[in-house]
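Printed here is my_file.tsv (TSV, C-alpha atoms):
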```tsv
chain	number	residue	atom	x	y	z
E	922	MET	CA	-32.89	20.46	41.91
E	923	GLY	CA	-33.00	21.56	38.26
E	924	LEU	CA	-29.47	22.94	38.39
E	925	HIS	CA	-28.24	19.79	40.13
E	926	LEU	CA	-29.81	17.59	37.45
E	927	TRP	CA	-28.33	19.78	34.71
E	928	MET	CA	-24.84	19.45	36.23
E	929	ILE	CA	-25.17	15.65	36.48
E	930	THR	CA	-26.33	15.47	32.85
E	931	LYS	CA	-23.47	17.71	31.74
E	932	MET	CA	-20.90	15.59	33.59
E	933	MET	CA	-22.31	12.39	32.07
E	934	PHE	CA	-22.09	13.95	28.60
E	935	ILE	CA	-18.47	14.99	29.15
E	936	LEU	CA	-17.62	11.56	30.54
E	937	SER	CA	-19.21	9.85	27.55
E	938	LYS	CA	-17.10	12.00	25.20
E	939	VAL	CA	-13.94	11.10	27.14
E	940	ILE	CA	-14.79	7.38	26.97
E	941	PHE	CA	-15.49	7.72	23.24
E	942	LEU	CA	-12.18	9.45	22.62
E	943	LEU	CA	-10.36	6.79	24.62
E	944	ARG	CA	-11.97	4.09	22.52
E	945	VAL	CA	-11.02	5.87	19.31
E	946	SER	CA	-7.48	6.30	20.60
E	947	ASP	CA	-7.26	2.61	21.47
E	948	ALA	CA	-8.64	1.66	18.07
E	949	THR	CA	-6.15	3.78	16.20
E	950	GLN	CA	-3.07	2.61	18.05
E	951	ASN	CA	-0.66	0.63	15.92
E	952	ALA	CA	-1.31	-3.09	16.00
E	953	SER	CA	1.62	-5.33	16.82
E	954	PHE	CA	3.14	-7.47	14.09
E	955	ASP	CA	1.84	-10.81	15.41
E	956	GLU	CA	-1.77	-9.64	15.46
E	957	ASN	CA	-2.14	-9.57	11.67
E	958	TYR	CA	1.09	-10.81	10.06
E	959	LYS	CA	3.46	-13.75	9.95
E	960	ILE	CA	6.95	-14.35	8.56
E	961	ILE	CA	6.75	-16.18	5.22
E	962	TRP	CA	10.43	-16.50	4.31
E	963	GLY	CA	13.91	-15.56	5.51
E	964	ASN	CA	13.18	-16.13	9.21
E	965	GLN	CA	16.79	-15.49	10.22
E	966	HIS	CA	16.61	-12.09	8.50
E	967	VAL	CA	13.61	-10.78	10.43
E	968	GLN	CA	13.91	-8.89	13.72
E	969	LEU	CA	10.99	-7.67	15.83
E	970	LEU	CA	11.63	-4.36	17.61
E	971	ASN	CA	9.76	-2.18	20.12
E	972	GLN	CA	7.70	-5.06	21.49
E	973	GLY	CA	6.57	-6.09	18.03
E	974	ARG	CA	5.51	-2.59	16.95
E	975	GLU	CA	8.33	-2.46	14.40
E	976	VAL	CA	9.91	-5.07	12.12
E	977	GLN	CA	13.31	-4.94	10.46
E	978	LEU	CA	14.11	-7.08	7.43
E	979	SER	CA	17.73	-7.60	6.38
E	980	LEU	CA	19.40	-8.61	3.13
E	981	ASP	CA	22.80	-10.19	2.61
E	982	LYS	CA	24.25	-12.63	0.09
E	983	SER	CA	22.49	-15.56	1.73
E	984	SER	CA	18.92	-14.24	1.76
E	985	GLY	CA	16.40	-11.47	2.02
E	986	ALA	CA	13.09	-11.82	3.85
E	987	GLY	CA	9.36	-11.24	3.70
E	988	PHE	CA	6.16	-11.35	5.71
E	989	GLY	CA	2.49	-11.59	4.86
E	990	SER	CA	-0.94	-11.19	6.37
E	991	LYS	CA	-2.42	-14.15	8.19
E	992	LEU	CA	-5.74	-13.56	6.44
E	993	TYR	CA	-6.92	-12.78	2.90
E	994	PHE	CA	-9.17	-9.89	1.90
E	995	GLY	CA	-11.71	-8.96	-0.78
E	996	SER	CA	-11.57	-5.17	-0.31
E	997	GLY	CA	-10.20	-2.67	2.16
E	998	PHE	CA	-7.72	0.01	3.14
E	999	PHE	CA	-4.14	-1.19	3.48
E	1000	GLN	CA	-1.19	0.82	4.71
E	1001	MET	CA	2.32	0.46	6.04
E	1002	LYS	CA	4.93	2.85	7.41
E	1003	ILE	CA	8.25	2.08	5.73
E	1004	LYS	CA	11.79	3.37	6.18
E	1005	LEU	CA	14.00	2.27	3.29
E	1006	PRO	CA	17.71	1.36	3.39
E	1007	THR	CA	20.07	4.27	4.01
E	1008	LYS	CA	23.14	2.72	2.41
E	1009	ASP	CA	23.89	2.22	-1.26
E	1010	SER	CA	20.71	0.38	-2.27
E	1011	GLY	CA	21.32	-0.16	-5.98
E	1012	GLY	CA	19.70	-3.37	-7.21
E	1013	ILE	CA	17.60	-3.84	-4.06
E	1014	VAL	CA	13.82	-4.14	-4.17
E	1015	THR	CA	11.51	-3.37	-1.25
E	1016	ALA	CA	7.91	-4.33	-1.98
E	1017	PHE	CA	4.52	-3.78	-0.30
E	1018	TYR	CA	1.61	-5.26	-2.22
E	1019	LEU	CA	-1.65	-7.18	-2.40
E	1020	PHE	CA	-1.18	-10.53	-4.08
E	1021	LEU	CA	-2.76	-13.76	-5.29
E	1022	ASN	CA	-0.97	-16.35	-7.40
E	1023	THR	CA	-2.98	-19.55	-7.28
E	1024	THR	CA	-5.40	-20.20	-10.12
E	1025	VAL	CA	-4.86	-16.63	-11.34
E	1026	HIS	CA	-2.25	-13.92	-10.76
E	1027	GLU	CA	-3.62	-10.66	-9.38
E	1028	GLU	CA	-1.51	-7.97	-7.75
E	1029	MET	CA	-1.44	-4.28	-6.78
E	1030	ASP	CA	1.94	-3.14	-5.64
E	1031	PHE	CA	4.44	-0.59	-4.44
E	1032	GLU	CA	7.98	-1.56	-5.43
E	1033	PHE	CA	10.88	0.63	-4.31
E	1034	LEU	CA	13.80	0.26	-6.69
E	1035	GLY	CA	17.06	1.12	-4.93
E	1036	ASN	CA	19.88	3.20	-6.37
E	1037	ARG	CA	23.45	4.32	-5.88
E	1038	PRO	CA	24.15	7.14	-3.37
E	1039	GLY	CA	23.10	10.52	-4.72
E	1040	LYS	CA	20.60	8.99	-7.16
E	1041	PRO	CA	16.88	8.80	-6.39
E	1042	VAL	CA	15.03	5.70	-5.32
E	1043	ILE	CA	12.27	4.98	-7.83
E	1044	LEU	CA	8.78	3.99	-6.72
E	1045	GLN	CA	7.20	1.63	-9.22
E	1046	THR	CA	3.49	0.76	-9.12
E	1047	ASN	CA	1.88	-2.04	-11.08
E	1048	VAL	CA	-1.47	-3.78	-11.42
E	1049	PHE	CA	-1.99	-7.42	-12.45
E	1050	THR	CA	-5.47	-8.65	-13.38
E	1051	ASN	CA	-6.27	-12.20	-14.49
E	1052	GLY	CA	-2.56	-12.87	-14.97
E	1053	LEU	CA	-1.94	-9.77	-17.08
E	1054	GLY	CA	0.45	-7.12	-15.76
E	1055	GLY	CA	2.70	-4.71	-17.62
E	1056	ARG	CA	0.94	-1.65	-16.16
E	1057	GLU	CA	3.99	-0.02	-14.62
E	1058	GLN	CA	4.07	3.62	-13.62
E	1059	LYS	CA	7.25	4.95	-12.01
E	1060	PHE	CA	7.81	7.97	-9.79
E	1061	SER	CA	10.75	9.71	-8.20
E	1062	LEU	CA	9.95	10.70	-4.61
E	1063	TRP	CA	9.99	14.29	-3.33
E	1064	PHE	CA	11.57	13.23	-0.03
E	1065	ASP	CA	14.32	10.88	1.16
E	1066	PRO	CA	12.50	7.57	1.86
E	1067	GLY	CA	15.44	6.32	3.93
E	1068	ALA	CA	15.63	9.31	6.29
E	1069	ASP	CA	12.39	8.58	8.13
E	1070	PHE	CA	9.22	6.51	8.06
E	1071	HIS	CA	6.53	7.37	5.51
E	1072	TYR	CA	3.07	5.94	4.96
E	1073	TYR	CA	2.27	4.07	1.76
E	1074	LYS	CA	-1.43	3.36	1.36
E	1075	LEU	CA	-3.78	1.53	-0.94
E	1076	LEU	CA	-7.58	1.79	-0.88
E	1077	TRP	CA	-9.31	-0.95	-2.88
E	1078	ASN	CA	-13.02	-1.23	-3.44
E	1079	ASP	CA	-15.29	-2.76	-6.03
E	1080	HIS	CA	-17.22	0.30	-7.12
E	1081	GLN	CA	-15.06	2.61	-9.16
E	1082	VAL	CA	-11.31	2.30	-8.82
E	1083	VAL	CA	-8.36	0.62	-7.24
E	1084	TYR	CA	-8.95	3.90	-5.55
E	1085	ALA	CA	-5.45	5.28	-5.35
E	1086	PHE	CA	-1.90	4.55	-4.48
E	1087	PHE	CA	-1.06	7.05	-1.74
E	1088	VAL	CA	2.30	8.30	-0.47
E	1089	ASP	CA	1.51	9.66	2.98
E	1090	ASP	CA	-1.77	11.43	2.11
E	1091	THR	CA	-0.93	12.32	-1.49
E	1092	PRO	CA	-2.58	10.19	-4.21
E	1093	ILE	CA	-0.18	9.25	-6.98
E	1094	ARG	CA	-2.19	6.78	-9.07
E	1095	VAL	CA	-5.78	5.76	-9.74
E	1096	TYR	CA	-6.81	2.59	-11.56
E	1097	LYS	CA	-10.47	2.55	-12.48
E	1098	ASN	CA	-12.86	-0.36	-12.49
E	1099	ASN	CA	-14.00	-0.60	-16.11
E	1100	ILE	CA	-14.83	-4.29	-16.26
E	1101	ILE	CA	-18.06	-3.36	-18.02
E	1102	ARG	CA	-15.87	-2.19	-20.94
E	1103	GLY	CA	-13.66	-5.27	-20.90
E	1104	VAL	CA	-10.81	-3.83	-18.82
E	1105	GLY	CA	-9.34	-6.16	-16.22
E	1106	TYR	CA	-9.77	-5.26	-12.55
E	1107	PRO	CA	-8.56	-7.02	-9.39
E	1108	ASN	CA	-11.60	-8.78	-7.95
E	1109	HIS	CA	-10.16	-11.88	-6.30
E	1110	THR	CA	-9.23	-12.51	-2.68
E	1111	LEU	CA	-5.76	-11.12	-1.96
E	1112	GLN	CA	-3.07	-11.37	0.72
E	1113	VAL	CA	-0.97	-8.43	1.98
E	1114	ILE	CA	2.74	-9.09	1.39
E	1115	THR	CA	6.03	-7.27	2.02
E	1116	SER	CA	9.42	-8.44	0.79
E	1117	PHE	CA	13.06	-7.32	0.66
E	1118	TRP	CA	15.24	-8.94	-1.97
E	1119	ASP	CA	17.97	-8.81	-4.61
E	1120	GLY	CA	16.57	-7.46	-7.87
E	1121	SER	CA	19.94	-7.01	-9.58
E	1122	SER	CA	18.68	-8.57	-12.79
E	1123	TRP	CA	16.26	-5.71	-13.51
E	1124	ALA	CA	15.56	-3.20	-10.73
E	1125	THR	CA	18.17	-0.45	-11.25
E	1126	ASP	CA	19.23	0.90	-14.65
E	1127	GLY	CA	17.58	-2.04	-16.35
E	1128	GLY	CA	19.77	-4.52	-14.47
E	1129	ARG	CA	23.09	-2.80	-15.14
E	1130	THR	CA	23.47	-1.79	-11.48
E	1131	LYS	CA	23.94	-4.77	-9.16
E	1132	VAL	CA	23.70	-5.06	-5.38
E	1133	ASN	CA	27.02	-4.08	-3.76
E	1134	TYR	CA	27.31	-6.65	-0.97
E	1135	SER	CA	30.36	-4.96	0.50
E	1136	ASN	CA	27.76	-2.71	2.19
E	1137	ALA	CA	25.70	-5.64	3.53
E	1138	PRO	CA	23.69	-6.25	5.55
E	1139	PHE	CA	21.02	-3.90	4.26
E	1140	HIS	CA	17.97	-3.08	6.37
E	1141	VAL	CA	14.40	-1.90	5.83
E	1142	ASN	CA	12.01	-1.13	8.68
E	1143	PHE	CA	8.21	-1.37	8.89
E	1144	GLN	CA	5.66	0.01	11.34
E	1145	ASP	CA	1.86	0.14	11.72
E	1146	PHE	CA	0.44	-3.31	11.19
E	1147	LYS	CA	-3.26	-2.43	11.27
E	1148	ILE	CA	-5.40	-3.86	8.49
E	1149	ASN	CA	-8.84	-2.50	7.58
E	1150	GLY	CA	-10.11	-5.18	5.25
E	1151	CYS	CA	-13.05	-7.41	4.45
E	1152	ILE	CA	-11.89	-10.92	5.31
E	1153	SER	CA	-12.38	-13.40	2.49
E	1154	LEU	CA	-11.18	-16.88	1.54
E	1155	PRO	CA	-9.42	-17.66	-1.75
E	1156	ASN	CA	-11.62	-20.71	-2.38
E	1157	SER	CA	-14.80	-19.20	-0.97
E	1158	PRO	CA	-14.93	-15.44	-1.62
E	1159	ASN	CA	-16.95	-13.28	0.75
E	1160	LYS	CA	-19.73	-11.75	-1.36
E	1161	ASP	CA	-20.23	-9.12	1.34
E	1162	CYS	CA	-16.92	-7.37	0.58
E	1163	ALA	CA	-18.63	-4.80	-1.66
E	1164	SER	CA	-21.10	-3.87	1.07
E	1165	GLN	CA	-21.30	-0.25	2.20
E	1166	LYS	CA	-21.17	-1.42	5.80
E	1167	TYR	CA	-17.41	-1.16	5.20
E	1168	TRP	CA	-16.43	2.51	5.17
E	1169	TRP	CA	-14.08	2.22	2.18
E	1170	ASN	CA	-17.06	1.15	0.02
E	1171	ASN	CA	-19.08	4.28	0.78
E	1172	LYS	CA	-19.84	6.53	-2.17
E	1173	LYS	CA	-17.37	9.23	-1.06
E	1174	TYR	CA	-14.59	6.74	-1.79
E	1175	TRP	CA	-15.70	5.87	-5.31
E	1176	GLN	CA	-13.59	8.69	-6.71
E	1177	LEU	CA	-11.10	11.32	-5.62
E	1178	ASN	CA	-12.39	14.63	-4.33
E	1179	PRO	CA	-11.37	17.87	-6.13
E	1180	GLN	CA	-8.44	18.56	-3.79
E	1181	GLN	CA	-7.11	15.02	-4.22
E	1182	LEU	CA	-7.49	15.25	-7.98
E	1183	LYS	CA	-5.41	18.44	-7.97
E	1184	SER	CA	-2.72	16.76	-5.84
E	1185	LEU	CA	-2.76	13.75	-8.16
E	1186	GLU	CA	-2.31	15.96	-11.22
E	1187	ASP	CA	0.54	17.91	-9.63
E	1188	VAL	CA	2.44	14.81	-8.49
E	1189	ARG	CA	2.14	13.08	-11.84
E	1190	LYS	CA	3.25	16.21	-13.69
E	1191	LYS	CA	6.31	16.73	-11.48
E	1192	TYR	CA	7.42	13.26	-10.45
E	1193	MET	CA	6.17	10.57	-12.82
E	1194	LYS	CA	9.12	9.16	-14.76
E	1195	TYR	CA	7.45	6.39	-16.73
E	1196	ASP	CA	3.90	5.54	-17.79
E	1197	TYR	CA	3.12	2.39	-19.74
E	1198	CYS	CA	0.19	4.22	-21.31
E	1199	THR	CA	2.54	6.52	-23.22
E	1200	ASP	CA	5.19	3.91	-24.10
E	1201	LYS	CA	4.49	3.53	-27.82
E	1202	SER	CA	7.55	1.36	-28.43
E	1203	ARG	CA	6.17	-1.19	-25.98
E	1204	TYR	CA	2.49	-0.72	-26.75
E	1205	PRO	CA	2.02	0.68	-30.28
E	1206	THR	CA	-1.68	0.32	-29.63
E	1207	PRO	CA	-2.38	1.68	-26.13
E	1208	ARG	CA	-3.94	-0.67	-23.60
E	1209	GLN	CA	-7.69	-0.20	-23.36
E	1210	GLU	CA	-7.66	1.17	-19.82
E	1211	CYS	CA	-5.34	3.99	-20.95
E	1212	SER	CA	-8.17	5.49	-22.98
E	1213	GLU	CA	-10.61	5.15	-20.09
E	1214	LYS	CA	-8.89	7.68	-17.76
```
Rewrite the coordinates I just gave you, this time as structure tokens.
Amino acid sequence: MGLHLWMITKMMFILSKVIFLLRVSDATQNASFDENYKIIWGNQHVQLLNQGREVQLSLDKSSGAGFGSKLYFGSGFFQMKIKLPTKDSGGIVTAFYLFLNTTVHEEMDFEFLGNRPGKPVILQTNVFTNGLGGREQKFSLWFDPGADFHYYKLLWNDHQVVYAFFVDDTPIRVYKNNIIRGVGYPNHTLQVITSFWDGSSWATDGGRTKVNYSNAPFHVNFQDFKINGCISLPNSPNKDCASQKYWWNNKKYWQLNPQQLKSLEDVRKKYMKYDYCTDKSRYPTPRQECSEK
């Protein structure tokens, strides 16, 4: 009887682990586009693929396109798998960002600045707080962003930092929360946005390289439409978005761990091409947050 009971208990334990793993697997499957996002412009230039698990935006002389989250958020972990254009992409901008532009402009963004064949695509990051931007940092990428999909991730909480801009699992930028010292920090309710558009006036070589529409249409593809965020309303912010009931607000996410800090240092040393904090011609007196690193 004892052995029989032990076997039943063991089987129940194994079954519970299987059920748990199945639930985790279901939870981590990519969400479809319509679950969390909607088209916000350029409807005729948006194509849903693979039963809504992938979206392709196109750009030609008539229009680009963009989509955004159905909801707004006050904190969270936001990611997207992106495959950039494979053709001559000079002058083209692909953007993935958190955004608010109502009573105040706040933004945290990835902007991919296209280039001519054989020249690297530049990844530009920027942070706007209370309408003030100008915090650009630019990186060349250590892989071909048009050859395959790569994750671009942003973890945002209210404790310590706009945690980090990630490329796959490599942190490339940290923006700290130093409001107590008078440094602006994004603390409004934001929407997740992607867009694909003609940035000929500024994006490549300071605007000297224009989009070559003889290669049109251009395409960019997106996958993985999950959102891990604290839902909030622009006119009625959710005060619970700093709560540690959300995993991204737990103390372990208030700063990078030693391994991440080493990766951050290596990437910035090898691949950072521009940092507003060291641009003395633009900012003879460095911005306050530059001295708070």
*Expressed in Å to a single decimal, how great is the separation between CA of Lys982 in chain E and CA of Asp1069 in chain E?*
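Separating CA of Lys982 in chain E from CA of Asp1069 in chain E is a distance of 25.6 Å.
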*asked:* Using Å and a single decimal, report how far CA of Leu1076 in chain E sits from CA of Asn1149 in chain E.
replied: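 Here the two named atoms are 9.6 Å from each other.
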*Have a look at CA of Lys1004 in chain E and CA of Asn1142 in chain E and let me know their distance in Å, one decimal.*
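A separation of 5.2 Å between them.
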*Skip Asn1036 in chain E itself and residues of its chain fewer than 5 positions away, then list as an MDAnalysis selection string all residues within 6 Å of it, counting only C-alpha atoms.*
chainID E and resid 1010:1011 1042
*Among listed residues E:Ala1163, E:Leu1053, E:Ala986, E:Ile1043, nearest Val967 in chain E (using all atoms listed in the file)*: E:Ala986
*For Glu975 in chain E, which residue among E:Leu992, E:Val1141, E:Leu1062, E:Met1029 is the nearest when counting all atoms listed in the file?*
E:Val1141
*Out of E:Arg1189, E:Lys1074, E:Lys1160, E:Lys1166, which residue has the shortest atom-to-atom distance to Asp1090 in chain E when counting only C-alpha atoms?*
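Answer, going by the shortest atom-to-atom distance: E:Lys1074.
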*asked:* Please determine, counting all atoms listed in the file, which residue among E:Ser1135, E:Ser953, E:Ser984, E:Thr1199 has the shortest atom-to-atom distance to His966 in chain E.
replied: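 Using all atoms listed in the file, His966 in chain E sits closest to E:Ser984.
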_Residues near Asn1051 in chain E, cut-off 6 Å, all atoms listed in the file, skip fewer than 3 positions along chain, as a ChimeraX atom specification_ = /E:1025-1027
_Pick from E:Phe1086, E:Gln1180, E:Gly997, E:Ser979 nearest to Phe1031 in chain E, counting only C-alpha atoms_ =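 Closest to Phe1031 in chain E of all the choices is E:Phe1086.
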_Which residue of E:Thr1046, E:Asn1156, E:Asn1171, E:Gln1058 approaches Leu1075 in chain E most closely, using all atoms listed in the file_ = E:Thr1046
Padding 3 Å on each side, edges along x, y and z: where is the centre of the box around the listed atoms of range 998-1015 of chain E, and how long are its edges in Å to one decimal? Output it as AutoDock Vina command-line options.
```
--center_x 8.1 --center_y 0.1 --center_z 0.1 --size_x 37.6 --size_y 14.4 --size_z 20.6
```
_Please list as a ChimeraX atom specification every residue within 12 Å of Asn1078 in chain E, counting only C-alpha atoms and excluding residues in the same chain fewer than 2 positions away._
/E:994-999,1075-1076,1080-1085,1095-1098,1106-1110,1149-1151,1161-1165,1167-1176
*Can you pull out every residue within 9 Å of Lys1059 in chain E, counting only C-alpha atoms, but drop anything in the same chain fewer than 3 positions away, and send it as a PyMOL selection string?*
chain E and resi 1043-1047+1192-1196
*Neighbour list for Tyr1073 in chain E as number ranges by chain, cut-off 10 Å, all atoms listed in the file, skip fewer than 3 positions in-chain*: E: 999-1003, 1017, 1031, 1070, 1086-1092
